[in-house]
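Take a look at the structure below.
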Amino acid sequence: MPLRTKFRNLKRLNLQNTEVSLAIVKEYKRNRVSQYEVNYVQINPRLETRLRNIIIRKIEAANTFETYTYDCPEPEEDEVRAINSDETDFFRILEQLLALNPEEDIIENIDELVKAKAYLIILRNDEGIQTVGFKTLPENWKMKRDRGLIPLLYKENRFEDLEDENIFSISSFVDIIYFDEALFILSKKNFESGLNFRDGMIAKADELYQEVQEANLFVNMDILTNRVGNNQRYLRKIATIKNLGYYQDVNYLQRLRAISEQRNWGIQFQEGQIVITEEHLDAILTLLQNKRLHSELTDETFDVDSAKRLEV
């Protein structure tokens with residue numbers, strides 16, 4: 001089923017009478033691969049209502065849909081970006097969640113809460129889990145004395161010292177809403193950090209390096225790999241280039257060379273290979289993303305961060 005259809009179905013959901021659960025997600029590494037552990041946290045009816053309303057409000061506010069891409073901008077308040085959940089680490093978290101019993105598989109002590117990386121708001125009915133909200137934990141999840149702050153509660157016209165209490169905070173926002181094997185992204189930044197999407201960009205970069213070396217596409221390949229390194233901005237460019245695949249299109253590369261010479265862009269070629277230089281690396285990456293665009297209205301040429309193809 002297309003992501004757009006799933007988005008429409010999400011908007012039609014009636015979640016008013018769903019049961020609400022809260023779970024925390026802990027992460028650890030095994031052979032440098034992220035593994036996840038999920039446990040439920042018991043909550044009272046008042047908090048259930050507040051958590052349910054968070055999900056409902058975010059679904060109601062989301063009116064514009066676009067497929068997630070590495071180079072897409074942060075969504076606005078009424079927008080979502082969508083991606084299949086199995087393209088992310090969320091499927092590992094969901095596997096853990098589906099195997100749990102909300103009444104039995106609960107945290108055992110406060111230390112488990114402190115170690116959490118994210119929490120899940122789970123809405124279910126008689127048919128099972130309907131949707132899940134995912135929130136990467138904010139810095140103030142657990143208030144700590146070393147911040148130089150004294151936590152206080154104003155109650156019955158006086159301050160009460162909460163130093164001995166375990167004070168946590170729940171956001172009124174979620175980063176992702178899961179539904180029907182799709183993720184609807186409300187915060188691109190938190191989605192990428194919360195689900196380790198940077199690791200996927202690094203994998204894309206490694207795949208592209210191998211392909212272009214085998215195709216003998218570049219001269220001075222080391223300039224590219226040294227500049228990219230673990231820099232997320234450049235990794236995003238490389239992942240976009242890999243997804244678009246223009247570097248594999250002989251006709252595209254021939255036109256790139258011809259137009260570069262015609263317009264004096266300074267891109268050098270040597271026996272059919274693109275010569276990477278420190279000066280022109282960014283321009284080469286822009287061109288391989290097809291992001292140097294010409295305006296027919298002003299006869300100007302622009303390098304753009306994100307481009308959306310016009311459907312005619």
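Numbering starts fresh at 1 for the residues of each chain in the structure tokens, the chains themselves are lettered A, B, ... in the order given, and ligands are numbered from 1 as they appear.
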For segment 266-275 of chain A, work out the shell of residues within 8 Å, counting only C-alpha atoms and skipping chain neighbours fewer than 5 positions away, then give it as a PyMOL selection string. chain A and resi 216-220+257+260-261+280+284
Segment 58-283 of chain A: residues DSSP assigns to strand (DSSP E), reported as a ChimeraX atom specification: /A:64-67,79-84,118-125,128-136,152-155,158-161,176-179,182-185,218-219,268-270,273-275
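Closest approach to Asp111 of chain A among A:Asp180, A:Ile24, A:Lys204, A:Val228 is made by A:Ile24 (distances from only C-alpha atoms).
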Quick one: contact table of segment 194-312 of chain A to segment 67-90 of chain A, 12 Å max, nearest atom pair and distance in Å to one decimal per residue, counting only C-alpha atoms, chain and number order, as a Markdown table?
```
| residue | atom | partner | partner_atom | distance |
| --- | --- | --- | --- | --- |
| A:Gly194 | CA | A:Asp89 | CA | 9.1 |
| A:Leu195 | CA | A:Asp89 | CA | 5.5 |
| A:Asn196 | CA | A:Asp89 | CA | 7.2 |
| A:Phe197 | CA | A:Thr88 | CA | 7.1 |
| A:Arg198 | CA | A:Tyr70 | CA | 10.1 |
| A:Asp199 | CA | A:Asp89 | CA | 10.1 |
| A:Gly200 | CA | A:Thr88 | CA | 8.3 |
| A:Met201 | CA | A:Tyr70 | CA | 8.5 |
| A:Lys204 | CA | A:Tyr70 | CA | 11.0 |
| A:Gln232 | CA | A:Tyr70 | CA | 10.6 |
| A:Arg233 | CA | A:Asp71 | CA | 9.4 |
| A:Tyr234 | CA | A:Asp71 | CA | 10.7 |
| A:Leu235 | CA | A:Tyr70 | CA | 9.3 |
| A:Arg236 | CA | A:Tyr70 | CA | 5.8 |
| A:Lys237 | CA | A:Asp71 | CA | 7.3 |
| A:Ile238 | CA | A:Tyr70 | CA | 9.4 |
| A:Ala239 | CA | A:Tyr70 | CA | 6.8 |
| A:Thr240 | CA | A:Tyr70 | CA | 6.0 |
| A:Ile241 | CA | A:Tyr70 | CA | 9.8 |
| A:Lys242 | CA | A:Tyr70 | CA | 10.5 |
| A:Asn243 | CA | A:Tyr70 | CA | 9.0 |
| A:Leu244 | CA | A:Thr69 | CA | 10.3 |
| A:Thr286 | CA | A:Asp71 | CA | 11.7 |
| A:Gln289 | CA | A:Asp71 | CA | 9.8 |
| A:Lys291 | CA | A:Asp71 | CA | 10.8 |
| A:Val304 | CA | A:Asp71 | CA | 10.4 |
| A:Asp305 | CA | A:Asp71 | CA | 7.1 |
| A:Ser306 | CA | A:Asp71 | CA | 5.9 |
| A:Ala307 | CA | A:Cys72 | CA | 8.1 |
| A:Lys308 | CA | A:Cys72 | CA | 8.8 |
```
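Among A:Ala182, A:Met221, A:Ile93, A:Leu120, the residue with the shortest atom-to-atom distance to Glu27 of chain A, counting only C-alpha atoms, is A:Ile93.
Computed from the coordinates, the atom CA of Lys189 of chain A to atom CA of Ile110 of chain A distance equals 28.1 Å.
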If you count only C-alpha atoms, which residues fall within 9 Å of segment 97-105 of chain A, apart from same-chain ones fewer than 2 positions away, as a count of residues only? 15
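Taking atom CA of Glu192 of chain A and atom CA of Ile176 of chain A as endpoints, the distance between them is 10.5 Å.
One finds atom CA of Ile122 of chain A at 22.5 Å from atom CA of Phe65 of chain A.
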Neighbouring residues of Phe302 of chain A were defined as those with any atom within 7 Å, considering only C-alpha atoms; residues of the same chain fewer than 3 positions away were excluded. Please report them as number ranges by chain. A: 292-294
Export, as a PDB file, in the first residue's frame, the selected residues with N, CA and C atoms.
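Heads up, here's the output in out01.pdb:
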```pdb
ATOM      1  N   ARG A 292      21.868  22.014  -9.179  1.00  0.00           N
ATOM      2  CA  ARG A 292      22.203  23.300  -9.798  1.00  0.00           C
ATOM      3  C   ARG A 292      21.129  23.554 -10.834  1.00  0.00           C
ATOM      4  N   LEU A 293      20.228  24.473 -10.507  1.00  0.00           N
ATOM      5  CA  LEU A 293      19.012  24.660 -11.288  1.00  0.00           C
ATOM      6  C   LEU A 293      18.963  26.048 -11.900  1.00  0.00           C
ATOM      7  N   HIS A 294      18.383  26.122 -13.103  1.00  0.00           N
ATOM      8  CA  HIS A 294      18.316  27.376 -13.865  1.00  0.00           C
ATOM      9  C   HIS A 294      16.879  27.890 -13.878  1.00  0.00           C
TER      10      HIS A 294
END
```
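Here the question is which of A:Ile177, A:Leu47, A:Ser169, A:Glu66 gets nearest to Arg309 of chain A using only C-alpha atoms, and that residue is A:Glu66.
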From the list A:Leu51, A:Ile223, A:Ile43, A:Leu15, the nearest residue to Thr277 of chain A using only C-alpha atoms is A:Ile223
